[in-house]
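**Student:** Please see the structure below; I have some questions.
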Amino acid sequence: MLFSNPQFEDLKEQVRRFLQHEIYPLEKDLLSKPFAQMEPVLMQKRDKVRQMGLLAPHMPPKYGGTGLSLVELAQIGELLGTTPYGHFVFNCHAPDAGNMELLAHHASDELKEKYLLPLVKGEIRSCFSMTEPEYAGSNPLQMATKAVVDNDHYIINGHKWFTTAAQGAQFAVVMAVTNAQAQAYNRAAMIIVPTDTEGFELVRNLPVMGETGSGYASHAEIKYHNCRVPVTNRIGADGSGFMLAQERLGPGRIHHCMRWIGICERSFDLMCRYAATRQIDQGVMLGHKQTIQNWIAESRAEINAARLMVLHTAFNMQQHGAKVVRNEIAAIKFYVANVLQQVLDRALQTHGALGLTDDMVLAYWYRHERAARIYDGPDEVHKSSLARSILKQYGLDIKA
Ligand SMILES: Cc1cc2nc3c(=O)[nH]c(=O)nc-3n(C[C@H](O)[C@H](O)[C@H](O)COP(=O)(O)OP(=O)(O)OC[C@H]3O[C@@H](n4cnc5c(N)ncnc54)[C@H](O)[C@@H]3O)c2cc1C
């Protein structure tokens with residue numbers, strides 16, 4: 001019971017049972033119908049989670065959350081990851097979870113009252129608008145969106161895309177350059193822009209891997225045309241945008257990695273069930289074949305390794321803060337994203353043509369989770385950052 005105790009095991013069992021009885025049975029509909037159509041059903045399930053006292057498990061009770069530690073949350077995150085909308089039903093999904101943490105740590109009392117509290121209660125949604133089509137997201141220092149001060153307001157102009165869940169969100173946290181003359185990492189700030197602000201244009205939901213999606217399950221292209229918002233909508237100090245973005249991503253990567261491990265476990269379970277029951281010849285099951293046995297054994301070892309890496313990183317982050325575990329965060333981000341891709345691919349291959357249908361959850365994940373190796377920093381960026389940090393200890397100082 002590493003990283004756990006009997007009381008917490010009971011809580012995990014409660015969550016497991018809830019998912020099995022309330023959410024897994026919905027999956028067929030969730031996979032075949034637009035999110036917007038399924039949202040009312042998911043909100044009813046969310047009411048049940050609220051009654052269980054488990055809504056927004058990552059937030060402290062003073063804001064209306066459950067107050068789990070990062071290590072506990074990671075383990076609940078794995079369970080929620082076993083089904084596509086587990087995190088949404090518990091109100092700890094990206095990008096809202098990261099925005100809640102951001103507002104709790106850095107927003108004024110007025111912003112907390114107006115945006116954080118209804119977000120934690122699950123009454124509204126939000127989005128995070130940083131990446132721009134014209135500039136490499138891997139190096140956001142190049143970003144062009146600007147916020148210019150006009151008396152006590154900002155006027156924001158810019159072009160963003162891949163703003164996840166913008167459709168139906170009440171506000172966007174927009175990353176914009178506020179002082180182009182400042183030192184590179186002090187040029188930007190994060191500013192809340194309500195989506196009903198004049199000049200906020202949701203151009204389109206992007207078609208991603210064959211799906212345009214809707215509502216929370218979509219990624220938008222957005223234009224900000226002279227959007228005027230009070231200067232008091234800024235989160236934290238002027239020039240703190242990049243620092244806050246880094247801080248936001250730290251726990252966010254733990255959340256993503258544990259969700260991916262949940263996906264791996266579910267895919268692994270499906271793979272093993274099919275291998276044990278799919279007859280390919282008289283008395284010969286798929287699981288008799290050594291190739292399938294190799295996939296099962298390799299997947300088991302990789303998932304176990306990934307989980308221990310992530311929990312160890314979460315534990316160290318909890319004890320010593322995000323800065324100390326920068327290298328570990330970089331390592332889990334690319335390592336677990338690749339384990340996810342491998343395990344999912346083996347599970348899908350094991351199912352043959354069935355694996356490609358939306359009669360089961362594997363194809364959905366295959367489409368949606370290829371992105372894991374790109375968002376929150378592509379593999380190559382994390383590998384380079386980790387290697388540079390290691391080489392520095394050997395006297396070779398390579399600038400990013
Ligand atoms: C599903 C999904 C959801 C997203 N949600 C959001 C969101 O809610 N809000 C938001 O602001 N953004 C979001 N993003 C955007 C995401 O953060 C960016 O896609 C990511 O930062 C990479 O930026 P880019 O796409 O511009 O790729 P680029 O920076 O143009 O990089 C292209 C490729 O070049 C390679 N590369 C880049 N840098 C290096 C390097 N230093 N060394 C070697 N190779 C390198 C990598 O292979 C990379 O994939 C989302 C993306 C996806 C796919």
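Labels for the structure tokens follow display order: chains A, B, ..., residues from 1 in each chain, ligands from 1.
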For ligand 1, collect every residue having any atom at a distance of at most 10 Å from a ligand atom (counting only C-alpha atoms and all ligand atoms); output as a PDB file with C-alpha atoms, in the first residue's frame.
**Tutor:**
ATOM      1  CA  ALA A  94      -8.169  20.221 -17.792  1.00  0.00           C
ATOM      2  CA  PRO A  95      -8.202  23.151 -18.353  1.00  0.00           C
ATOM      3  CA  ASP A  96     -10.509  24.057 -15.427  1.00  0.00           C
ATOM      4  CA  SER A 126     -13.296  28.209 -18.361  1.00  0.00           C
ATOM      5  CA  CYS A 127     -10.484  27.880 -20.903  1.00  0.00           C
ATOM      6  CA  PHE A 128      -6.799  28.722 -21.211  1.00  0.00           C
ATOM      7  CA  SER A 129      -5.731  30.705 -24.272  1.00  0.00           C
ATOM      8  CA  MET A 130      -2.003  30.807 -24.890  1.00  0.00           C
ATOM      9  CA  THR A 131      -0.992  29.003 -28.110  1.00  0.00           C
ATOM     10  CA  GLU A 132      -1.056  30.943 -31.397  1.00  0.00           C
ATOM     11  CA  PRO A 133      -1.207  29.454 -34.905  1.00  0.00           C
ATOM     12  CA  GLU A 134       1.467  31.767 -36.334  1.00  0.00           C
ATOM     13  CA  TYR A 135       4.132  31.090 -33.666  1.00  0.00           C
ATOM     14  CA  ALA A 136       5.735  27.952 -32.213  1.00  0.00           C
ATOM     15  CA  GLY A 137       3.859  27.024 -29.038  1.00  0.00           C
ATOM     16  CA  SER A 138       7.032  25.284 -27.837  1.00  0.00           C
ATOM     17  CA  ASN A 139       8.601  28.715 -27.495  1.00  0.00           C
ATOM     18  CA  PRO A 140       5.793  30.982 -26.246  1.00  0.00           C
ATOM     19  CA  LYS A 160      -5.090  32.003 -30.552  1.00  0.00           C
ATOM     20  CA  TRP A 161      -5.890  28.424 -31.321  1.00  0.00           C
ATOM     21  CA  PHE A 162      -6.198  25.095 -29.550  1.00  0.00           C
ATOM     22  CA  THR A 163      -7.993  26.890 -26.736  1.00  0.00           C
ATOM     23  CA  THR A 164      -9.536  23.731 -25.334  1.00  0.00           C
ATOM     24  CA  ALA A 165     -13.148  23.876 -24.114  1.00  0.00           C
ATOM     25  CA  ALA A 166     -13.684  27.512 -25.156  1.00  0.00           C
ATOM     26  CA  ALA A 172     -10.757  32.632 -20.928  1.00  0.00           C
ATOM     27  CA  VAL A 173      -7.443  33.073 -19.147  1.00  0.00           C
ATOM     28  CA  VAL A 174      -5.547  34.868 -21.905  1.00  0.00           C
ATOM     29  CA  MET A 175      -1.782  35.064 -22.078  1.00  0.00           C
ATOM     30  CA  LEU A 206     -10.865  22.882 -34.948  1.00  0.00           C
ATOM     31  CA  VAL A 208      -8.889  17.277 -34.756  1.00  0.00           C
ATOM     32  CA  MET A 209      -8.281  13.669 -35.863  1.00  0.00           C
ATOM     33  CA  ALA A 217     -14.857  18.440 -25.792  1.00  0.00           C
ATOM     34  CA  SER A 218     -13.544  20.867 -28.420  1.00  0.00           C
ATOM     35  CA  HIS A 219     -10.513  22.992 -29.278  1.00  0.00           C
ATOM     36  CA  ALA A 220     -11.211  26.494 -30.566  1.00  0.00           C
ATOM     37  CA  ALA A 245       2.323  29.325 -16.838  1.00  0.00           C
ATOM     38  CA  ARG A 367      -7.758   9.567 -31.680  1.00  0.00           C
ATOM     39  CA  HIS A 368      -7.770  11.814 -28.631  1.00  0.00           C
ATOM     40  CA  GLU A 369      -4.579  10.861 -26.878  1.00  0.00           C
ATOM     41  CA  ARG A 370      -2.054  11.068 -29.714  1.00  0.00           C
ATOM     42  CA  ALA A 371      -1.989  14.683 -28.608  1.00  0.00           C
ATOM     43  CA  ALA A 372      -0.403  13.651 -25.287  1.00  0.00           C
ATOM     44  CA  ARG A 373       3.030  13.751 -26.930  1.00  0.00           C
ATOM     45  CA  ILE A 374       2.408  17.351 -28.086  1.00  0.00           C
ATOM     46  CA  TYR A 375       0.385  19.414 -25.579  1.00  0.00           C
ATOM     47  CA  ASP A 376       1.998  20.748 -22.397  1.00  0.00           C
ATOM     48  CA  GLY A 377       5.314  20.539 -24.243  1.00  0.00           C
ATOM     49  CA  PRO A 378       6.211  18.107 -27.049  1.00  0.00           C
ATOM     50  CA  ASP A 379       8.405  15.072 -26.243  1.00  0.00           C
ATOM     51  CA  GLU A 380      11.451  16.641 -27.892  1.00  0.00           C
ATOM     52  CA  VAL A 381      11.315  19.775 -25.738  1.00  0.00           C
ATOM     53  CA  HIS A 382      11.129  17.794 -22.491  1.00  0.00           C
ATOM     54  CA  LYS A 383      13.916  15.437 -23.558  1.00  0.00           C
ATOM     55  CA  SER A 384      16.130  18.356 -24.510  1.00  0.00           C
ATOM     56  CA  SER A 385      15.404  20.169 -21.236  1.00  0.00           C
ATOM     57  CA  ALA A 400      17.726  26.707 -24.468  1.00  0.00           C
TER      58      ALA A 400
END
**Student:** Using only C-alpha atoms, find each residue in segment 203-288 of chain A having at least one atom no more than 10 Å away from segment 305-309 of chain A; report its shortest atom-to-atom pair and that distance in Å (one decimal), rows by chain then rising number, as CSV.
**Tutor:**
residue,atom,partner,partner_atom,distance
A:Cys257,CA,A:Arg307,CA,8.5
A:Met258,CA,A:Arg307,CA,7.3
A:Trp260,CA,A:Ala306,CA,9.7
A:Ile261,CA,A:Arg307,CA,6.8
A:Gly262,CA,A:Arg307,CA,9.6
**Student:** Would you return as number ranges by chain the members of segment 85-191 of chain A that DSSP assigns to alpha helix (DSSP H) on this structure's backbone?
**Tutor:** A: 86-89, 96-106, 109-111, 117-120
**Student:** Could you tell me how far atom CA of Ile398 of chain A lies from atom CA of Ala331 of chain A, in Å and to one decimal?
**Tutor:**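 Answer for the atom CA of Ile398 of chain A to atom CA of Ala331 of chain A separation: 18.4 Å.
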**Student:** How many Å separate atom CA of Ala180 of chain A from atom CA of Ala237 of chain A?
**Tutor:**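 Those two atoms sit 15.5 Å apart.
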**Student:** Might you pull out every residue within 10 Å of Ala107 of chain A, with only C-alpha atoms counted and same-chain residues fewer than 3 positions away left off, and present them as a list in words?
**Tutor:**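 Final neighbour list, sorted by chain and number: Met100, Glu101, Leu102, Leu103, Ala104, Glu110, Leu111, Lys112, Glu113, Tyr115, Leu116, Thr232, Asn233, Arg234, Ile235, Gly236 and Ala237 of chain A.
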**Student:** Name the residues in contact with segment 150-157 of chain A at a cut-off of 12 Å, using only C-alpha atoms, excluding same-chain residues fewer than 4 positions from it; report them as a PDB file with C-alpha atoms, in the first residue's frame.
**Tutor:**
ATOM      1  CA  MET A 143       3.772  35.168 -28.787  1.00  0.00           C
ATOM      2  CA  ALA A 144       2.138  38.172 -30.526  1.00  0.00           C
ATOM      3  CA  THR A 145      -1.106  38.753 -28.604  1.00  0.00           C
ATOM      4  CA  LYS A 146      -0.903  42.158 -26.903  1.00  0.00           C
ATOM      5  CA  VAL A 174      -5.547  34.868 -21.905  1.00  0.00           C
ATOM      6  CA  MET A 175      -1.782  35.064 -22.078  1.00  0.00           C
ATOM      7  CA  ALA A 176      -0.781  38.409 -23.614  1.00  0.00           C
ATOM      8  CA  VAL A 177       2.299  40.600 -23.923  1.00  0.00           C
ATOM      9  CA  THR A 178       1.832  43.657 -21.687  1.00  0.00           C
ATOM     10  CA  ALA A 189       0.599  38.572 -18.102  1.00  0.00           C
ATOM     11  CA  MET A 190      -2.467  36.374 -17.666  1.00  0.00           C
ATOM     12  CA  ILE A 191      -5.737  38.241 -17.970  1.00  0.00           C
ATOM     13  CA  ILE A 192      -9.308  37.043 -17.530  1.00  0.00           C
ATOM     14  CA  VAL A 193     -11.490  37.768 -20.561  1.00  0.00           C
ATOM     15  CA  THR A 197     -16.769  40.542 -24.004  1.00  0.00           C
ATOM     16  CA  GLU A 198     -17.288  42.516 -27.199  1.00  0.00           C
ATOM     17  CA  GLY A 199     -14.581  41.496 -29.681  1.00  0.00           C
ATOM     18  CA  PHE A 200     -14.227  37.902 -28.420  1.00  0.00           C
ATOM     19  CA  GLU A 201     -14.680  35.834 -31.590  1.00  0.00           C
ATOM     20  CA  ILE A 222     -10.206  32.466 -31.237  1.00  0.00           C
ATOM     21  CA  LYS A 223      -9.640  36.053 -32.288  1.00  0.00           C
ATOM     22  CA  TYR A 224      -9.487  38.858 -29.753  1.00  0.00           C
ATOM     23  CA  HIS A 225     -10.470  42.136 -31.453  1.00  0.00           C
ATOM     24  CA  ASN A 226      -9.966  45.124 -29.144  1.00  0.00           C
ATOM     25  CA  CYS A 227     -11.347  43.180 -26.171  1.00  0.00           C
ATOM     26  CA  ARG A 228     -11.670  45.668 -23.315  1.00  0.00           C
ATOM     27  CA  VAL A 229     -11.419  44.286 -19.767  1.00  0.00           C
ATOM     28  CA  PRO A 230     -10.557  45.958 -16.426  1.00  0.00           C
ATOM     29  CA  VAL A 231      -6.881  45.928 -15.432  1.00  0.00           C
ATOM     30  CA  THR A 232      -8.082  44.259 -12.219  1.00  0.00           C
ATOM     31  CA  ASN A 233      -8.825  41.152 -14.346  1.00  0.00           C
ATOM     32  CA  ARG A 234      -5.096  40.451 -14.418  1.00  0.00           C
ATOM     33  CA  ASP A 238       2.285  42.438 -14.386  1.00  0.00           C
TER      34      ASP A 238
END
**Student:** Please report, as an NGL selection string, each residue of segment 54-202 of chain A to which DSSP assigns strand (DSSP E) when run on this structure's backbone.
**Tutor:** :A and (126-129 or 146-150 or 153-164 or 171-177 or 188-194 or 200-202)
**Student:** Can I get the selection written as a PDB file, in the first residue's frame, with C-alpha atoms?
**Tutor:**
ATOM      1  CA  SER A 126     -13.296  28.209 -18.361  1.00  0.00           C
ATOM      2  CA  CYS A 127     -10.484  27.880 -20.903  1.00  0.00           C
ATOM      3  CA  PHE A 128      -6.799  28.722 -21.211  1.00  0.00           C
ATOM      4  CA  SER A 129      -5.731  30.705 -24.272  1.00  0.00           C
ATOM      5  CA  LYS A 146      -0.903  42.158 -26.903  1.00  0.00           C
ATOM      6  CA  ALA A 147      -2.717  43.810 -24.005  1.00  0.00           C
ATOM      7  CA  VAL A 148      -2.340  47.580 -24.012  1.00  0.00           C
ATOM      8  CA  VAL A 149      -3.361  49.683 -21.000  1.00  0.00           C
ATOM      9  CA  ASP A 150      -6.010  52.329 -21.636  1.00  0.00           C
ATOM     10  CA  HIS A 153      -8.574  48.805 -18.796  1.00  0.00           C
ATOM     11  CA  TYR A 154      -6.594  46.465 -21.016  1.00  0.00           C
ATOM     12  CA  ILE A 155      -7.327  46.377 -24.725  1.00  0.00           C
ATOM     13  CA  ILE A 156      -6.449  42.925 -26.025  1.00  0.00           C
ATOM     14  CA  ASN A 157      -5.744  41.976 -29.627  1.00  0.00           C
ATOM     15  CA  GLY A 158      -4.543  38.586 -30.766  1.00  0.00           C
ATOM     16  CA  HIS A 159      -5.100  35.283 -32.498  1.00  0.00           C
ATOM     17  CA  LYS A 160      -5.090  32.003 -30.552  1.00  0.00           C
ATOM     18  CA  TRP A 161      -5.890  28.424 -31.321  1.00  0.00           C
ATOM     19  CA  PHE A 162      -6.198  25.095 -29.550  1.00  0.00           C
ATOM     20  CA  THR A 163      -7.993  26.890 -26.736  1.00  0.00           C
ATOM     21  CA  THR A 164      -9.536  23.731 -25.334  1.00  0.00           C
ATOM     22  CA  PHE A 171     -14.184  33.107 -19.386  1.00  0.00           C
ATOM     23  CA  ALA A 172     -10.757  32.632 -20.928  1.00  0.00           C
ATOM     24  CA  VAL A 173      -7.443  33.073 -19.147  1.00  0.00           C
ATOM     25  CA  VAL A 174      -5.547  34.868 -21.905  1.00  0.00           C
ATOM     26  CA  MET A 175      -1.782  35.064 -22.078  1.00  0.00           C
ATOM     27  CA  ALA A 176      -0.781  38.409 -23.614  1.00  0.00           C
ATOM     28  CA  VAL A 177       2.299  40.600 -23.923  1.00  0.00           C
ATOM     29  CA  ALA A 188       3.518  38.762 -20.498  1.00  0.00           C
ATOM     30  CA  ALA A 189       0.599  38.572 -18.102  1.00  0.00           C
ATOM     31  CA  MET A 190      -2.467  36.374 -17.666  1.00  0.00           C
ATOM     32  CA  ILE A 191      -5.737  38.241 -17.970  1.00  0.00           C
ATOM     33  CA  ILE A 192      -9.308  37.043 -17.530  1.00  0.00           C
ATOM     34  CA  VAL A 193     -11.490  37.768 -20.561  1.00  0.00           C
ATOM     35  CA  PRO A 194     -15.183  36.864 -20.150  1.00  0.00           C
ATOM     36  CA  PHE A 200     -14.227  37.902 -28.420  1.00  0.00           C
ATOM     37  CA  GLU A 201     -14.680  35.834 -31.590  1.00  0.00           C
ATOM     38  CA  LEU A 202     -14.793  32.046 -31.470  1.00  0.00           C
TER      39      LEU A 202
END
**Student:** Considering only C-alpha atoms, state which residue in the set A:Leu2, A:Gly210, A:Met271, A:Ala330 is at the smallest distance from Gln349 of chain A.
**Tutor:**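 Nearest to Gln349 of chain A: A:Met271.
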**Student:** What's around Ser4 of chain A at 12 Å? Count only C-alpha atoms, leave out sequence neighbours fewer than 3 positions away in its own chain, and write the answer as a PDB file with N, CA and C atoms, in the first residue's frame.
**Tutor:**
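And here is the file that came out, around_31.pdb:
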ATOM      1  N   MET A   1       0.832  -1.203   0.000  1.00  0.00           N
ATOM      2  CA  MET A   1       0.000   0.000   0.000  1.00  0.00           C
ATOM      3  C   MET A   1       0.867   1.253   0.000  1.00  0.00           C
ATOM      4  N   GLN A   7      -7.812   4.024   5.072  1.00  0.00           N
ATOM      5  CA  GLN A   7      -8.921   4.972   4.886  1.00  0.00           C
ATOM      6  C   GLN A   7      -8.977   5.471   3.435  1.00  0.00           C
ATOM      7  N   PHE A   8      -7.787   5.762   2.901  1.00  0.00           N
ATOM      8  CA  PHE A   8      -7.741   6.254   1.519  1.00  0.00           C
ATOM      9  C   PHE A   8      -8.114   5.133   0.539  1.00  0.00           C
ATOM     10  N   GLU A   9      -7.755   3.886   0.892  1.00  0.00           N
ATOM     11  CA  GLU A   9      -8.156   2.751   0.043  1.00  0.00           C
ATOM     12  C   GLU A   9      -9.679   2.653  -0.033  1.00  0.00           C
ATOM     13  N   ASP A  10     -10.357   2.967   1.090  1.00  0.00           N
ATOM     14  CA  ASP A  10     -11.831   2.942   1.084  1.00  0.00           C
ATOM     15  C   ASP A  10     -12.381   3.994   0.125  1.00  0.00           C
ATOM     16  N   LEU A  11     -11.738   5.176   0.153  1.00  0.00           N
ATOM     17  CA  LEU A  11     -12.187   6.248  -0.738  1.00  0.00           C
ATOM     18  C   LEU A  11     -12.001   5.824  -2.199  1.00  0.00           C
ATOM     19  N   LYS A  12     -10.856   5.202  -2.485  1.00  0.00           N
ATOM     20  CA  LYS A  12     -10.596   4.747  -3.862  1.00  0.00           C
ATOM     21  C   LYS A  12     -11.656   3.725  -4.289  1.00  0.00           C
ATOM     22  N   SER A  69      -4.407  15.540  -1.086  1.00  0.00           N
ATOM     23  CA  SER A  69      -3.006  15.890  -1.348  1.00  0.00           C
ATOM     24  C   SER A  69      -2.700  15.522  -2.809  1.00  0.00           C
ATOM     25  N   VAL A  71      -0.466  13.526  -3.970  1.00  0.00           N
ATOM     26  CA  VAL A  71      -0.256  12.076  -4.120  1.00  0.00           C
ATOM     27  C   VAL A  71      -1.599  11.332  -4.100  1.00  0.00           C
ATOM     28  N   GLU A  72      -2.499  11.784  -3.244  1.00  0.00           N
ATOM     29  CA  GLU A  72      -3.835  11.155  -3.208  1.00  0.00           C
ATOM     30  C   GLU A  72      -4.588  11.452  -4.505  1.00  0.00           C
ATOM     31  N   LEU A  73      -4.510  12.702  -4.896  1.00  0.00           N
ATOM     32  CA  LEU A  73      -5.197  13.126  -6.116  1.00  0.00           C
ATOM     33  C   LEU A  73      -4.712  12.330  -7.329  1.00  0.00           C
ATOM     34  N   ALA A  74      -3.398  12.093  -7.360  1.00  0.00           N
ATOM     35  CA  ALA A  74      -2.824  11.345  -8.476  1.00  0.00           C
ATOM     36  C   ALA A  74      -3.487   9.964  -8.570  1.00  0.00           C
ATOM     37  N   GLN A  75      -3.703   9.340  -7.419  1.00  0.00           N
ATOM     38  CA  GLN A  75      -4.280   7.992  -7.437  1.00  0.00           C
ATOM     39  C   GLN A  75      -5.762   8.004  -7.820  1.00  0.00           C
ATOM     40  N   ILE A  76      -6.471   9.043  -7.362  1.00  0.00           N
ATOM     41  CA  ILE A  76      -7.876   9.189  -7.781  1.00  0.00           C
ATOM     42  C   ILE A  76      -7.897   9.506  -9.291  1.00  0.00           C
ATOM     43  N   LEU A 311       4.087   8.794  -9.177  1.00  0.00           N
ATOM     44  CA  LEU A 311       3.779   8.956  -7.748  1.00  0.00           C
ATOM     45  C   LEU A 311       5.001   9.475  -6.987  1.00  0.00           C
ATOM     46  N   PHE A 315       5.058  12.877  -4.980  1.00  0.00           N
ATOM     47  CA  PHE A 315       5.477  12.891  -3.569  1.00  0.00           C
ATOM     48  C   PHE A 315       6.571  13.941  -3.358  1.00  0.00           C
TER      49      PHE A 315
END
**Student:** Record the distance separating atom CA of Lys392 of chain A and atom CA of Val310 of chain A, expressed in Å with one decimal.
**Tutor:**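 Separation of atom CA of Lys392 of chain A and atom CA of Val310 of chain A: 24.0 Å.
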**Student:** With only C-alpha atoms as the atoms that count, which of A:Ile332, A:Thr350, A:Val41, A:Val361 lies nearest to His312 of chain A?
**Tutor:**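 Closest candidate: A:Ile332.
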**Student:** Find the residues around segment 242-244 of chain A up to 7 Å (only C-alpha atoms counted), leave out those fewer than 3 positions away in its own chain, and share them as an MDAnalysis selection string.
**Tutor:** chainID A and resid 185 188 247:248
**Student:** Identify which of the residues A:Gln181, A:Gln14, A:Ser240, A:Ser214 lies closest to Lys33 of chain A, counting only C-alpha atoms when measuring atom-to-atom distances.
**Tutor:**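 Closest candidate: A:Ser214.
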